[in-house]
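Just input-v1.cif here, mmCIF, C-alpha atoms and all ligand atoms:
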```
data_upload
#
loop_
_atom_site.label_atom_id
_atom_site.label_comp_id
_atom_site.auth_asym_id
_atom_site.auth_seq_id
_atom_site.Cartn_x
_atom_site.Cartn_y
_atom_site.Cartn_z
CA MET L 60 46.31 -19.48 11.30
CA LYS L 61 46.78 -15.96 12.60
CA ALA L 62 46.15 -15.39 16.29
CA ALA L 63 46.52 -12.41 18.62
CA GLN L 64 48.31 -13.44 21.80
CA ILE L 65 48.99 -11.72 25.09
CA ILE L 66 52.69 -12.48 25.55
CA GLU L 67 53.01 -10.45 28.74
CA PRO L 68 50.76 -7.94 30.51
CA ASN L 69 50.49 -4.36 29.25
CA LYS L 70 52.42 -5.09 26.06
CA PRO L 71 50.83 -4.94 22.58
CA LEU L 72 49.16 -8.18 21.53
CA LYS L 73 51.39 -10.17 19.19
CA ILE L 74 49.93 -11.40 15.91
CA SER L 75 51.44 -14.86 15.60
CA GLU L 76 51.22 -17.52 12.93
CA ILE L 77 50.38 -20.73 14.78
CA ASP L 78 49.19 -24.20 13.73
CA THR L 79 45.45 -24.43 13.12
CA PRO L 80 44.20 -27.03 15.61
CA SER L 81 42.56 -30.25 14.36
CA PRO L 82 39.50 -31.36 16.34
CA THR L 83 39.34 -34.89 17.74
CA GLY L 84 36.66 -36.68 19.79
CA LYS L 85 34.05 -34.20 20.99
CA GLN L 86 36.06 -31.14 19.90
CA VAL L 87 34.83 -28.65 17.31
CA LEU L 88 36.92 -26.22 15.27
CA ILE L 89 35.13 -23.00 14.45
CA LYS L 90 36.01 -20.24 12.00
CA VAL L 91 35.69 -17.15 14.17
CA LYS L 92 33.17 -14.61 12.82
CA ALA L 93 32.88 -12.17 15.74
CA VAL L 94 34.42 -11.75 19.19
CA GLY L 95 33.41 -9.28 21.87
CA VAL L 96 35.98 -7.17 23.67
CA CYS L 97 34.91 -7.57 27.29
CA HIS L 98 36.16 -5.49 30.20
CA SER L 99 37.62 -8.67 31.67
CA ASP L 100 39.79 -9.02 28.53
CA LEU L 101 41.38 -5.76 29.63
CA HIS L 102 41.97 -7.10 33.15
CA LEU L 103 43.63 -10.15 31.63
CA TRP L 104 45.82 -7.92 29.46
CA GLU L 105 46.69 -5.75 32.48
CA GLY L 106 47.74 -8.93 34.30
CA GLY L 107 45.20 -8.61 37.11
CA TYR L 108 42.68 -6.41 38.86
CA ASP L 109 41.98 -4.66 42.12
CA THR L 110 38.60 -5.26 43.74
CA GLY L 111 39.52 -3.22 46.81
CA ASP L 112 41.92 -5.61 48.57
CA GLY L 113 44.99 -4.89 46.45
CA PHE L 114 46.08 -6.03 43.00
CA MET L 115 45.27 -9.68 42.28
CA LYS L 116 47.53 -11.15 39.61
CA VAL L 117 45.84 -13.40 37.07
CA THR L 118 48.93 -15.61 37.01
CA ASP L 119 48.31 -16.34 40.73
CA ARG L 120 44.87 -17.59 39.72
CA GLY L 121 46.07 -20.03 37.06
CA VAL L 122 46.44 -17.91 33.91
CA LYS L 123 49.47 -18.80 31.82
CA PHE L 124 50.92 -16.47 29.18
CA PRO L 125 51.07 -16.48 26.22
CA VAL L 126 47.33 -16.86 25.79
CA ILE L 127 44.86 -15.96 23.04
CA PRO L 128 42.22 -13.80 24.77
CA GLY L 129 38.56 -13.43 23.79
CA HIS L 130 35.74 -15.38 25.46
CA GLU L 131 32.74 -13.85 23.63
CA ILE L 132 33.00 -15.96 20.51
CA VAL L 133 30.69 -16.54 17.58
CA GLY L 134 31.70 -18.56 14.55
CA THR L 135 30.90 -21.08 11.86
CA VAL L 136 31.73 -24.75 12.35
CA SER L 137 34.72 -25.62 10.19
CA ALA L 138 35.50 -29.20 11.32
CA THR L 139 34.30 -31.63 13.97
CA GLY L 140 35.81 -34.55 15.90
CA ASP L 141 34.53 -38.12 15.42
CA SER L 142 32.23 -38.10 18.46
CA VAL L 143 30.39 -34.85 17.71
CA VAL L 144 26.64 -35.17 17.14
CA GLY L 145 24.03 -32.57 16.24
CA ILE L 146 26.57 -29.96 15.09
CA LYS L 147 27.88 -29.95 11.54
CA GLU L 148 30.18 -28.02 9.26
CA GLY L 149 28.65 -24.68 8.24
CA ASP L 150 26.50 -24.24 11.38
CA ASP L 151 26.69 -20.79 12.98
CA VAL L 152 27.33 -21.18 16.70
CA LEU L 153 27.62 -19.19 19.91
CA VAL L 154 30.32 -20.46 22.28
CA TYR L 155 29.72 -20.94 26.01
CA PRO L 156 33.20 -20.15 27.37
CA TRP L 157 32.83 -20.85 31.13
CA ILE L 158 34.33 -24.30 30.99
CA GLY L 159 35.43 -26.21 34.10
CA CYS L 160 37.90 -29.05 34.65
CA GLY L 161 35.14 -31.55 33.86
CA THR L 162 36.06 -34.03 36.60
CA CYS L 163 35.51 -32.33 40.00
CA PRO L 164 32.22 -32.83 41.93
CA THR L 165 31.06 -29.31 40.93
CA CYS L 166 31.63 -30.01 37.23
CA GLU L 167 29.98 -33.42 37.53
CA LYS L 168 26.88 -31.68 38.90
CA GLY L 169 26.92 -29.58 35.72
CA ASP L 170 28.00 -26.32 37.39
CA THR L 171 31.16 -25.96 35.29
CA ASN L 172 31.02 -22.17 35.71
CA LEU L 173 31.68 -22.65 39.46
CA CYS L 174 34.63 -25.06 39.05
CA GLU L 175 37.60 -24.28 41.29
CA ALA L 176 40.02 -25.23 38.51
CA PRO L 177 38.36 -23.26 35.70
CA GLN L 178 39.42 -23.74 32.08
CA SER L 179 37.47 -20.78 30.63
CA LEU L 180 38.17 -20.09 26.98
CA GLY L 181 40.11 -16.90 26.36
CA VAL L 182 41.31 -16.82 29.97
CA PHE L 183 42.80 -20.14 31.11
CA GLN L 184 43.07 -21.57 27.60
CA ASP L 185 43.17 -20.05 24.14
CA GLY L 186 40.11 -18.07 23.09
CA GLY L 187 38.72 -16.31 20.06
CA TYR L 188 41.11 -13.54 18.99
CA ALA L 189 42.20 -15.78 16.14
CA GLU L 190 41.07 -17.02 12.75
CA TYR L 191 39.96 -20.32 14.26
CA SER L 192 39.09 -21.45 17.77
CA LEU L 193 39.11 -25.01 19.10
CA ILE L 194 36.12 -25.70 21.36
CA PRO L 195 36.79 -28.67 23.72
CA ASP L 196 33.26 -30.13 23.54
CA TYR L 197 30.28 -29.61 21.24
CA LYS L 198 28.04 -29.28 24.32
CA PHE L 199 29.46 -25.76 24.76
CA LEU L 200 27.94 -24.61 21.45
CA ALA L 201 24.51 -23.13 20.77
CA GLN L 202 23.12 -23.08 17.23
CA ILE L 203 22.39 -19.51 16.18
CA SER L 204 22.03 -19.84 12.40
CA GLY L 205 19.88 -16.98 11.10
CA MET L 206 20.80 -14.58 13.92
CA ASP L 207 22.93 -11.45 13.63
CA LEU L 208 26.30 -13.02 14.49
CA GLU L 209 28.03 -9.85 15.68
CA GLY L 210 25.08 -8.94 17.88
CA ALA L 211 25.08 -12.43 19.40
CA ALA L 212 28.75 -12.43 20.46
CA SER L 213 28.22 -11.15 24.01
CA LEU L 214 25.16 -13.30 24.77
CA ALA L 215 27.12 -15.96 26.67
CA CYS L 216 28.83 -13.28 28.81
CA SER L 217 26.88 -10.07 29.46
CA GLY L 218 23.72 -11.82 28.23
CA LEU L 219 24.02 -14.59 30.83
CA THR L 220 25.02 -12.13 33.56
CA ALA L 221 21.88 -10.06 32.98
CA TYR L 222 19.71 -13.17 32.53
CA THR L 223 20.81 -14.58 35.91
CA ALA L 224 20.00 -11.30 37.67
CA VAL L 225 16.63 -10.89 35.96
CA LYS L 226 15.68 -14.52 36.67
CA LYS L 227 16.32 -13.96 40.40
CA ALA L 228 14.50 -10.61 40.34
CA ILE L 229 11.34 -12.04 38.78
CA SER L 230 11.19 -15.19 40.93
CA ASN L 231 8.40 -13.69 43.08
CA SER L 232 6.56 -12.05 40.16
CA PRO L 233 7.20 -8.41 41.12
CA GLU L 234 5.07 -5.54 39.81
CA ASN L 235 8.14 -3.42 39.12
CA ILE L 236 11.80 -4.05 38.34
CA LEU L 237 14.40 -1.33 38.83
CA ILE L 238 17.47 -1.59 36.63
CA VAL L 239 20.25 0.73 37.78
CA GLY L 240 22.51 1.77 34.92
CA ALA L 241 21.71 1.71 31.20
CA GLY L 242 25.09 0.51 29.96
CA GLY L 243 25.78 -2.77 28.18
CA LEU L 244 24.57 -4.98 31.04
CA GLY L 245 21.64 -2.75 31.99
CA LEU L 246 20.30 -2.56 28.44
CA MET L 247 20.69 -6.32 28.13
CA GLY L 248 18.71 -6.58 31.39
CA VAL L 249 15.94 -4.34 30.04
CA GLN L 250 15.51 -6.51 26.94
CA ILE L 251 15.61 -9.79 28.86
CA ALA L 252 13.17 -8.56 31.53
CA LYS L 253 10.82 -7.38 28.77
CA ALA L 254 10.93 -10.82 27.18
CA LEU L 255 10.51 -12.82 30.41
CA CYS L 256 7.93 -11.02 32.53
CA ASP L 257 5.08 -8.52 32.71
CA ALA L 258 6.65 -6.36 35.44
CA LYS L 259 6.98 -2.63 34.77
CA ILE L 260 10.62 -1.93 33.98
CA ILE L 261 12.12 1.18 35.53
CA CYS L 262 15.57 2.17 34.36
CA ALA L 263 17.78 4.71 36.18
CA ASP L 264 20.94 6.33 34.84
CA LEU L 265 22.77 9.66 34.81
CA THR L 266 22.69 10.13 31.02
CA ASP L 267 19.54 11.03 29.07
CA GLU L 268 20.93 9.49 25.88
CA LYS L 269 21.37 6.09 27.54
CA LEU L 270 17.94 6.33 29.14
CA GLN L 271 16.42 7.04 25.74
CA LYS L 272 18.04 3.84 24.48
CA ALA L 273 16.58 1.98 27.47
CA LYS L 274 13.13 3.28 26.54
CA GLU L 275 13.55 2.14 22.93
CA MET L 276 14.53 -1.30 24.22
CA GLY L 277 11.48 -1.70 26.42
CA ALA L 278 11.81 0.29 29.67
CA ASP L 279 8.40 1.55 30.82
CA HIS L 280 9.79 4.37 32.96
CA ILE L 281 13.15 6.12 32.88
CA ILE L 282 14.65 8.25 35.65
CA ASN L 283 17.69 10.49 35.39
CA THR L 284 19.08 10.19 38.91
ZN ZN L 301 32.80 -11.04 28.66
ZN ZN L 302 35.75 -28.78 37.79
#
```
Could I get this structure in the form of structure tokens?
Amino acid sequence: MKAAQIIEPNKPLKISEIDTPSPTGKQVLIKVKAVGVCHSDLHLWEGGYDTGDGFMKVTDRGVKFPVIPGHEIVGTVSATGDSVVGIKEGDDVLVYPWIGCGTCPTCEKGDTNLCEAPQSLGVFQDGGYAEYSLIPDYKFLAQISGMDLEGAASLACSGLTAYTAVKKAISNSPENILIVGAGGLGLMGVQIAKALCDAKIICADLTDEKLQKAKEMGADHIINT
């Protein structure tokens, strides 16, 4: 299969011909249909990021190059291992990429996204910038047959980020929710808040065009700050 790999930071991705993986056990091979390009893909490609305390190299945090980036993956099941149940060839699926080591106490509690030895797809192991992607366990797949596949690609990344924030914000049933910024995350937040609660949604941004989009997506009030 063809795959785009980061060989080293800040160099063009290399399109390589590599063996198509064969799923065993609980693994699932998916034919990739859509992959989001997330800002964190750019950090990975740049080899690190600076959050204010200096440049943190991704290789110091466990990333090994070459790696196939892309963690916002949607695809169609192409083959399954022997122990896979409930997922079959031809199913359209959304991939949950925040995989942990699977054996530490945090993972055993089910909080694989908080694992200290993360194995996230497209970061610490090969991801979706390829014709096929091998998913380590069918439990990381959500059935999305019938949905717009391209539109669904970022749901397990920016979708979950916004969902977590909105869930916290509505825990005490507020009358109003203020969403600052009508970019990708903010607009996701507007739609999720609209679906989950009756609070009035106020959206603030510096661009009228983005605020108009927020209104179309369900914001009750918009403010150009
Ligand atoms: Zn992402
Ligand atoms: Zn773990």
### Query
How far is it from CA of Pro128 (chain L) to CA of Ile251 (chain L), in Å with one decimal?
27.2 Å
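We find CA of Ser179 (chain L) and CA of Glu167 (chain L) to be spaced 16.2 Å apart.
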Taking all atoms listed in the file into account, produce a table as a tab-separated table in which each residue of chain L with an atom at most 9 Å from an atom of ligand ZN 301 (chain L) appears once, together with its shortest atom pair and the distance in Å to one decimal, ordered by chain and rising number.
```
residue	atom	partner	partner_atom	distance
L:Gly95	CA	L:ZN301	ZN	7.0
L:Val96	CA	L:ZN301	ZN	7.1
L:Cys97	CA	L:ZN301	ZN	4.3
L:His98	CA	L:ZN301	ZN	6.7
L:Ser99	CA	L:ZN301	ZN	6.2
L:Asp100	CA	L:ZN301	ZN	7.3
L:Gly129	CA	L:ZN301	ZN	7.9
L:His130	CA	L:ZN301	ZN	6.1
L:Glu131	CA	L:ZN301	ZN	5.8
L:Ser213	CA	L:ZN301	ZN	6.5
L:Leu214	CA	L:ZN301	ZN	8.9
L:Ala215	CA	L:ZN301	ZN	7.8
L:Cys216	CA	L:ZN301	ZN	4.6
L:Ser217	CA	L:ZN301	ZN	6.1
```
Export C-alpha atoms of the chosen residues as a PDB file, in the coordinates of the input?
```pdb
ATOM      1  CA  GLY L  95      33.410  -9.280  21.870  1.00  0.00           C
ATOM      2  CA  VAL L  96      35.980  -7.170  23.670  1.00  0.00           C
ATOM      3  CA  CYS L  97      34.910  -7.570  27.290  1.00  0.00           C
ATOM      4  CA  HIS L  98      36.160  -5.490  30.200  1.00  0.00           C
ATOM      5  CA  SER L  99      37.620  -8.670  31.670  1.00  0.00           C
ATOM      6  CA  ASP L 100      39.790  -9.020  28.530  1.00  0.00           C
ATOM      7  CA  GLY L 129      38.560 -13.430  23.790  1.00  0.00           C
ATOM      8  CA  HIS L 130      35.740 -15.380  25.460  1.00  0.00           C
ATOM      9  CA  GLU L 131      32.740 -13.850  23.630  1.00  0.00           C
ATOM     10  CA  SER L 213      28.220 -11.150  24.010  1.00  0.00           C
ATOM     11  CA  LEU L 214      25.160 -13.300  24.770  1.00  0.00           C
ATOM     12  CA  ALA L 215      27.120 -15.960  26.670  1.00  0.00           C
ATOM     13  CA  CYS L 216      28.830 -13.280  28.810  1.00  0.00           C
ATOM     14  CA  SER L 217      26.880 -10.070  29.460  1.00  0.00           C
TER      15      SER L 217
END
```
### Query
Looking at only C-alpha atoms, which of L:Ile260, L:Gly149, L:Val122, L:Lys227 is the one that sits closest to Pro177 (chain L)?
L:Val122
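Considering all atoms listed in the file, the residue among L:Met247, L:Ile158, L:Leu219, L:Ala241 positioned nearest to ligand ZN 302 (chain L) is L:Ile158.
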### All residues having an atom within 12 Å of ligand ZN 302 (chain L) (only C-alpha atoms and all ligand atoms) as a list in words
Trp157, Ile158, Gly159, Cys160, Gly161, Thr162, Cys163, Pro164, Thr165, Cys166, Glu167, Lys168, Gly169, Asp170, Thr171, Asn172, Leu173, Cys174, Glu175, Ala176, Pro177, Gln178 and Ser179 of chain L
### Task
Kindly give the distance, in Å, that separates CA of Asp264 (chain L) and CA of Ala221 (chain L), rounded to a single decimal.
16.5 Å
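With distances taken over all atoms listed in the file, L:Ile261 is the one residue among L:Ala62, L:Ile261, L:Ala201, L:Leu208 lying closest to Ile236 (chain L).
Closest approach to Ile66 (chain L) from the set L:Glu148, L:Pro125, L:Gly140, L:Leu153 is made by L:Pro125, with distances taken over only C-alpha atoms.
All residues of protein, DNA or RNA that reach within 10 Å of Thr118 (chain L), judged by all atoms listed in the file and not counting those fewer than 4 positions away in the chain, are Leu103, Gly106, Gly107, Val122, Lys123, Phe124 and Phe183 of chain L.
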I need the residues from that last selection saved to file as a PDB file, in the coordinates of the input (with C-alpha atoms), if you can.
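Output contents, as saved in result00.pdb:
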```pdb
ATOM      1  CA  LEU L 103      43.630 -10.150  31.630  1.00  0.00           C
ATOM      2  CA  GLY L 106      47.740  -8.930  34.300  1.00  0.00           C
ATOM      3  CA  GLY L 107      45.200  -8.610  37.110  1.00  0.00           C
ATOM      4  CA  VAL L 122      46.440 -17.910  33.910  1.00  0.00           C
ATOM      5  CA  LYS L 123      49.470 -18.800  31.820  1.00  0.00           C
ATOM      6  CA  PHE L 124      50.920 -16.470  29.180  1.00  0.00           C
ATOM      7  CA  PHE L 183      42.800 -20.140  31.110  1.00  0.00           C
TER       8      PHE L 183
END
```
### Query
So which one's closest to Ile282 (chain L), L:Leu246, L:Leu255, L:Val87, L:Ile238? Using only C-alpha atoms, please.
L:Ile238
For region 265-275 of chain L, please output as a CSV table (one decimal) with C-alpha atoms, keeping the file's coordinate frame all residues within 9 Å (counting only C-alpha atoms; exclusion window: fewer than 6 positions along the same chain).
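out-v1.csv, written as the output of this step:
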```
chain,number,residue,atom,x,y,z
L,240,GLY,CA,22.5,1.8,34.9
L,241,ALA,CA,21.7,1.7,31.2
L,242,GLY,CA,25.1,0.5,30.0
L,245,GLY,CA,21.6,-2.8,32.0
L,246,LEU,CA,20.3,-2.6,28.4
L,249,VAL,CA,15.9,-4.3,30.0
L,250,GLN,CA,15.5,-6.5,26.9
L,281,ILE,CA,13.2,6.1,32.9
L,282,ILE,CA,14.6,8.2,35.6
L,283,ASN,CA,17.7,10.5,35.4
L,284,THR,CA,19.1,10.2,38.9
```
### Query
Which residues come within 7 Å of Val143 (chain L), counting all atoms listed in the file, excluding same-chain residues fewer than 4 positions away, as a ChimeraX atom specification?
/L:84-85,139,197
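Between Gly145 (chain L) and the candidates L:Gln202, L:Asn69, L:Ile127, L:Leu193, the tightest atom-to-atom separation, counting only C-alpha atoms, involves L:Gln202.
The shell of residues at most 7 Å from Val225 (chain L), with all atoms listed in the file counted and near chain neighbours (fewer than 3 positions) removed, consists of L:Ala221, L:Tyr222, L:Ala228, L:Ile229, L:Gly248, L:Ala252.
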Leaving out Val136 (chain L) and any residue of its chain fewer than 3 positions from it, which residues lie within 7 Å of it when counting all atoms listed in the file, given as a PDB file with C-alpha atoms, in the coordinates of the input?
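The result, stored in result26.pdb:
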```pdb
ATOM      1  CA  LEU L  88      36.920 -26.220  15.270  1.00  0.00           C
ATOM      2  CA  ILE L  89      35.130 -23.000  14.450  1.00  0.00           C
ATOM      3  CA  LYS L  90      36.010 -20.240  12.000  1.00  0.00           C
ATOM      4  CA  LYS L 147      27.880 -29.950  11.540  1.00  0.00           C
ATOM      5  CA  GLU L 148      30.180 -28.020   9.260  1.00  0.00           C
ATOM      6  CA  GLY L 149      28.650 -24.680   8.240  1.00  0.00           C
ATOM      7  CA  ASP L 150      26.500 -24.240  11.380  1.00  0.00           C
ATOM      8  CA  ASP L 151      26.690 -20.790  12.980  1.00  0.00           C
TER       9      ASP L 151
END
```
Selected region 165-186 of chain L, written as a compact mmCIF listing (two decimals), in the first residue's frame, N, CA and C atoms:
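Output below, filename result25.txt:
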```
# COMPACT_ATOMS: atom_id res chain seq x y z
N THR L 165 -3.90 3.02 34.81
CA THR L 165 -4.77 4.02 34.18
C THR L 165 -5.53 3.40 33.01
N CYS L 166 -4.83 2.63 32.18
CA CYS L 166 -5.49 1.96 31.06
C CYS L 166 -6.51 0.94 31.57
N GLU L 167 -6.14 0.22 32.64
CA GLU L 167 -7.05 -0.81 33.14
C GLU L 167 -8.34 -0.21 33.69
N LYS L 168 -8.24 1.06 34.14
CA LYS L 168 -9.45 1.78 34.57
C LYS L 168 -10.29 2.23 33.38
N GLY L 169 -9.70 2.15 32.18
CA GLY L 169 -10.42 2.56 30.97
C GLY L 169 -10.04 3.95 30.49
N ASP L 170 -9.13 4.62 31.22
CA ASP L 170 -8.73 5.98 30.83
C ASP L 170 -7.50 5.95 29.92
N THR L 171 -7.63 5.25 28.78
CA THR L 171 -6.45 5.06 27.92
C THR L 171 -5.90 6.39 27.40
N ASN L 172 -6.78 7.41 27.34
CA ASN L 172 -6.32 8.72 26.85
C ASN L 172 -5.38 9.40 27.84
N LEU L 173 -5.34 8.91 29.09
CA LEU L 173 -4.46 9.52 30.11
C LEU L 173 -3.22 8.67 30.37
N CYS L 174 -3.03 7.60 29.62
CA CYS L 174 -1.90 6.69 29.82
C CYS L 174 -0.57 7.44 29.74
N GLU L 175 0.37 7.06 30.61
CA GLU L 175 1.67 7.74 30.59
C GLU L 175 2.62 7.16 29.54
N ALA L 176 2.21 6.04 28.93
CA ALA L 176 2.99 5.48 27.82
C ALA L 176 2.08 5.39 26.60
N PRO L 177 1.59 6.56 26.13
CA PRO L 177 0.55 6.55 25.09
C PRO L 177 1.02 5.91 23.78
N GLN L 178 0.05 5.31 23.09
CA GLN L 178 0.33 4.64 21.81
C GLN L 178 -0.55 5.23 20.71
N SER L 179 -0.94 6.51 20.88
CA SER L 179 -1.90 7.15 19.97
C SER L 179 -1.56 6.90 18.50
N LEU L 180 -2.62 6.59 17.75
CA LEU L 180 -2.45 6.36 16.31
C LEU L 180 -2.07 7.67 15.62
N GLY L 181 -1.14 7.58 14.69
CA GLY L 181 -0.73 8.77 13.94
C GLY L 181 0.24 9.65 14.70
N VAL L 182 0.65 9.20 15.89
CA VAL L 182 1.62 9.95 16.70
C VAL L 182 2.72 8.98 17.15
N PHE L 183 2.33 8.02 18.01
CA PHE L 183 3.30 7.06 18.55
C PHE L 183 3.31 5.76 17.76
N GLN L 184 2.31 5.56 16.93
CA GLN L 184 2.33 4.44 15.97
C GLN L 184 1.64 4.92 14.70
N ASP L 185 1.79 4.13 13.64
CA ASP L 185 1.32 4.59 12.33
C ASP L 185 -0.17 4.94 12.34
N GLY L 186 -0.49 6.03 11.61
CA GLY L 186 -1.86 6.51 11.55
C GLY L 186 -2.47 6.39 10.17
```
